[in-house]
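Here is the structure we will look at, set down as structure tokens.
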Amino acid sequence: SSSATVYGAPEKLPLTETHRVSPFNPYGVSKLAAENAITRWTDAAPERRAVLLRYFNPVGAHISGKIGENPKGRPNNLFPFISQVATGQQAELEIYGDDYDTPDGTGVRDYIHITDLVNGHIAGLAYAQNYKGSEIFNLGTGKGYSVYEVMRAFEAATGRCIPYRIKDRRPGDIAICYADAAKAKNQLGWTAKLGLEEMCCDGWRWQENQSGEAKK
Ligand code: UDP
């Protein structure tokens with residue numbers, strides 16, 4: 001389980017697996033160190049095999065509403081934060097910059113439904129049965145959405161209004177990041193099937209269950 005964070009600031013979009021790696025935060029550095037350690041391990045003996053999956057922005061929850069992410073304290077990531085604004089646990093969404101070089105000025109990311117990510121792992125495991133060595137795959141949809149687009153989609157899916165305020169850029173944030181998902185499609189036979197609407201609906205089902213549990 002690696003991360004698109006290993007790429008750092010994109011030199012060229014979409015990001016292919018051959019893009020240079022240059023992580024700028026400790027999380028990305030640790031992911032790259034793990035990739036390197038695993039690759040050395042597979043290189044050291046011919047029968048060893050590994051599939052390195054670079055996640056883009058996994059969001060949403062299982063469709064049952066019973067398995068999801070419940071971050072402690074104030075969530076750092078966009079989706080859990082928006083979910084908590086919708087339930088009233090947070091007063092408003094703080095948008096970290098609306099002056100990026102993107103169509104609407106807010107940051108663009110490749111959000112991927114957690115269920116698609118799970119299926120990417122299953123495809124990766126199947127691939128590793130007939131492969132020797134280490135192979136890297138991006139797990140993303142290949143499509144980017146801005147903060148405003150995510151917010152509007154969440155409002156449409158939930159019928160709740162998301163109050164927001166524009167703040168300064170968050171240090172270390174990049175403007176745009178999205179995957180070239182062709183390698184996973186061609187070699188794993190995997191593509192993301194679920195869209196932004198399912199990410200919002202399923203994430204909201206989980207969040208509502210959490211809020212209900214918290215009130216009990
Ligand atoms: N973001 C935001 N407000 C928040 C959290 C995130 O405006 O409370 C923006 C952030 O600047 C980025 C996008 O939403 O453009 C996704 O951020 P997230 O932390 O979820 O993912 P990452 O930046 O790690 O890709």
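Residues are referred to by chain and number: the chain letter is A, B, ... according to the order shown in the structure tokens, the number counts from 1 in that chain, and ligands are numbered separately from 1 in the order shown.
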
Do a neighbour search on Asp110 (chain A) at 7 Å with only C-alpha atoms, toss out local chain neighbours closer than 6 positions, and write the hits as a PyMOL selection string.
-> chain A and resi 56-57+140-145+177-179

Residue subset to file, keeping C-alpha atoms, as a compact mmCIF listing (two decimals), in the first residue's frame:
# COMPACT_ATOMS: atom_id res chain seq x y z
CA PHE A 56 -4.52 8.38 -5.10
CA ASN A 57 -7.22 9.80 -2.75
CA GLY A 140 -6.81 6.09 -9.30
CA THR A 141 -9.70 6.91 -11.60
CA GLY A 142 -7.70 9.13 -13.95
CA LYS A 143 -10.12 11.98 -13.31
CA GLY A 144 -9.62 14.98 -11.04
CA TYR A 145 -12.24 16.92 -9.07
CA CYS A 177 -2.88 15.58 -8.99
CA TYR A 178 -4.48 12.76 -10.96
CA ALA A 179 -3.44 9.35 -12.19

Per residue of chain A within 8 Å of ligand 1, what are the shortest atom pair and its distance in Å to one decimal, counting only C-alpha atoms and all ligand atoms, with rows by chain and residue number, as a Markdown table?
| residue | atom | partner | partner_atom_place_in_ligand_line | distance |
| --- | --- | --- | --- | --- |
| A:Thr5 | CA | ligand 1 | 24 (O) | 7.6 |
| A:Phe56 | CA | ligand 1 | 25 (O) | 7.5 |
| A:Asn57 | CA | ligand 1 | 25 (O) | 6.0 |
| A:Pro75 | CA | ligand 1 | 8 (O) | 7.4 |
| A:Asn76 | CA | ligand 1 | 5 (C) | 5.6 |
| A:Asn77 | CA | ligand 1 | 20 (O) | 3.5 |
| A:Leu78 | CA | ligand 1 | 5 (C) | 3.7 |
| A:Phe79 | CA | ligand 1 | 20 (O) | 6.1 |
| A:Phe81 | CA | ligand 1 | 8 (O) | 5.8 |
| A:Ile82 | CA | ligand 1 | 8 (O) | 7.4 |
| A:Leu93 | CA | ligand 1 | 8 (O) | 5.9 |
| A:Glu94 | CA | ligand 1 | 3 (N) | 5.0 |
| A:Ile95 | CA | ligand 1 | 7 (O) | 3.4 |
| A:Tyr96 | CA | ligand 1 | 7 (O) | 4.0 |
| A:Gly97 | CA | ligand 1 | 7 (O) | 6.7 |
| A:Thr106 | CA | ligand 1 | 15 (O) | 6.3 |
| A:Gly107 | CA | ligand 1 | 15 (O) | 3.5 |
| A:Val108 | CA | ligand 1 | 15 (O) | 5.7 |
| A:Arg109 | CA | ligand 1 | 25 (O) | 6.1 |
| A:Ser146 | CA | ligand 1 | 15 (O) | 7.1 |
| A:Val147 | CA | ligand 1 | 14 (O) | 5.4 |
| A:Arg169 | CA | ligand 1 | 11 (O) | 6.8 |
| A:Arg170 | CA | ligand 1 | 11 (O) | 6.0 |
| A:Asp173 | CA | ligand 1 | 23 (O) | 5.9 |
| A:Ile174 | CA | ligand 1 | 15 (O) | 7.1 |
| A:Ala175 | CA | ligand 1 | 15 (O) | 6.6 |
| A:Ile176 | CA | ligand 1 | 15 (O) | 7.7 |
| A:Cys177 | CA | ligand 1 | 25 (O) | 7.5 |

Which neighbours of Gly8 (chain A) fall inside 8 Å, counting only C-alpha atoms, when residues of the same chain fewer than 3 positions from it are skipped, and could you give them as JSON, numbers by chain?
-> {"A": [4, 5, 21, 22, 23, 24, 28]}

Writing out the chosen residues with C-alpha atoms as a JSON list (two decimals), in the first residue's frame:
[["chain", "number", "residue", "atom", "x", "y", "z"],
["A", 4, "ALA", "CA", 0.72, 8.96, -4.98],
["A", 5, "THR", "CA", 2.43, 11.22, -2.44],
["A", 21, "VAL", "CA", 9.55, 10.35, -7.41],
["A", 22, "SER", "CA", 10.29, 13.26, -5.09],
["A", 23, "PRO", "CA", 8.14, 13.18, -1.95],
["A", 24, "PHE", "CA", 8.14, 16.36, 0.12],
["A", 28, "GLY", "CA", 5.65, 10.25, 1.22]]

Which distance in Å separates CA of His121 (chain A) and CA of Ala61 (chain A), to one decimal?
->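 Value for the CA of His121 (chain A)-CA of Ala61 (chain A) distance: 16.1 Å.
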
Once DSSP has gone over the backbone, tell me which residues of region 2-202 of chain A are in strand (DSSP E), as JSON, numbers by chain.
-> {"A": [2, 3, 49, 50, 51, 52, 53, 54, 55, 57, 58, 59, 93, 94, 95, 96, 108, 109, 111, 112, 113, 133, 134, 135, 136, 137, 138, 139, 145, 146, 164, 165, 166, 167, 176, 177]}

Spatial neighbours of region 157-165 of chain A, max dist 10 Å, only C-alpha atoms, sep filter under 4 positions, as a list in words =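 With the cut-off at 10 Å, the set is Ile82, Ser83, Gln84, Val85, Ala86, Thr87, Gly88, Gln90, Ala91, Glu92, Leu93, Glu94, Ile95, Tyr96, Gly97, Tyr148, Met151, Arg152, Ala153, Leu196, Glu197, Glu198, Met199, Cys200, Cys201, Asp202, Gly203, Trp204 and Arg205 of chain A.
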
Write out as an mmCIF file with C-alpha atoms, in the first residue's frame the set of residues from region 38-191 of chain A that DSSP, computed on the backbone, places in alpha helix (DSSP H).
data_model
loop_
_atom_site.group_PDB
_atom_site.id
_atom_site.type_symbol
_atom_site.label_atom_id
_atom_site.label_comp_id
_atom_site.auth_asym_id
_atom_site.auth_seq_id
_atom_site.Cartn_x
_atom_site.Cartn_y
_atom_site.Cartn_z
ATOM 1 C CA ILE A 38 10.297 -4.228 -0.924
ATOM 2 C CA THR A 39 11.941 -3.888 -4.343
ATOM 3 C CA ARG A 40 15.338 -4.801 -2.887
ATOM 4 C CA TRP A 41 13.747 -7.787 -1.208
ATOM 5 C CA THR A 42 12.225 -9.053 -4.480
ATOM 6 C CA ASP A 43 15.466 -8.332 -6.363
ATOM 7 C CA LEU A 78 -11.345 16.821 2.684
ATOM 8 C CA PHE A 79 -13.960 14.057 2.599
ATOM 9 C CA PRO A 80 -14.157 13.234 6.293
ATOM 10 C CA PHE A 81 -14.179 16.940 7.051
ATOM 11 C CA ILE A 82 -17.053 17.683 4.660
ATOM 12 C CA SER A 83 -18.956 14.729 6.158
ATOM 13 C CA GLN A 84 -18.583 16.203 9.629
ATOM 14 C CA VAL A 85 -19.757 19.617 8.436
ATOM 15 C CA ALA A 86 -22.847 17.942 6.971
ATOM 16 C CA THR A 87 -23.668 16.321 10.336
ATOM 17 C CA ILE A 114 -12.584 2.628 -1.256
ATOM 18 C CA THR A 115 -14.399 -0.366 -2.800
ATOM 19 C CA ASP A 116 -12.588 0.195 -6.101
ATOM 20 C CA LEU A 117 -9.349 0.351 -4.134
ATOM 21 C CA VAL A 118 -10.156 -2.992 -2.488
ATOM 22 C CA ASN A 119 -10.828 -4.522 -5.910
ATOM 23 C CA GLY A 120 -7.500 -3.115 -7.112
ATOM 24 C CA HIS A 121 -5.781 -5.108 -4.360
ATOM 25 C CA ILE A 122 -7.559 -8.301 -5.381
ATOM 26 C CA ALA A 123 -6.476 -7.735 -8.995
ATOM 27 C CA GLY A 124 -2.925 -7.062 -7.752
ATOM 28 C CA LEU A 125 -2.820 -10.301 -5.763
ATOM 29 C CA ALA A 126 -4.020 -12.266 -8.783
ATOM 30 C CA TYR A 127 -1.361 -10.590 -10.930
ATOM 31 C CA ALA A 128 1.387 -11.460 -8.451
ATOM 32 C CA VAL A 147 -12.792 21.076 -3.820
ATOM 33 C CA TYR A 148 -15.856 22.964 -5.073
ATOM 34 C CA GLU A 149 -16.917 20.022 -7.247
ATOM 35 C CA VAL A 150 -16.600 17.625 -4.303
ATOM 36 C CA MET A 151 -18.543 19.995 -2.061
ATOM 37 C CA ARG A 152 -21.380 20.390 -4.600
ATOM 38 C CA ALA A 153 -21.527 16.634 -5.227
ATOM 39 C CA PHE A 154 -21.731 16.028 -1.482
ATOM 40 C CA GLU A 155 -24.540 18.560 -1.147
ATOM 41 C CA ALA A 156 -26.432 16.888 -4.012
ATOM 42 C CA ALA A 157 -25.962 13.410 -2.516
ATOM 43 C CA THR A 158 -26.982 14.366 1.015
ATOM 44 C CA ALA A 182 -3.748 2.821 -18.040
ATOM 45 C CA LYS A 183 -1.101 0.465 -16.639
#
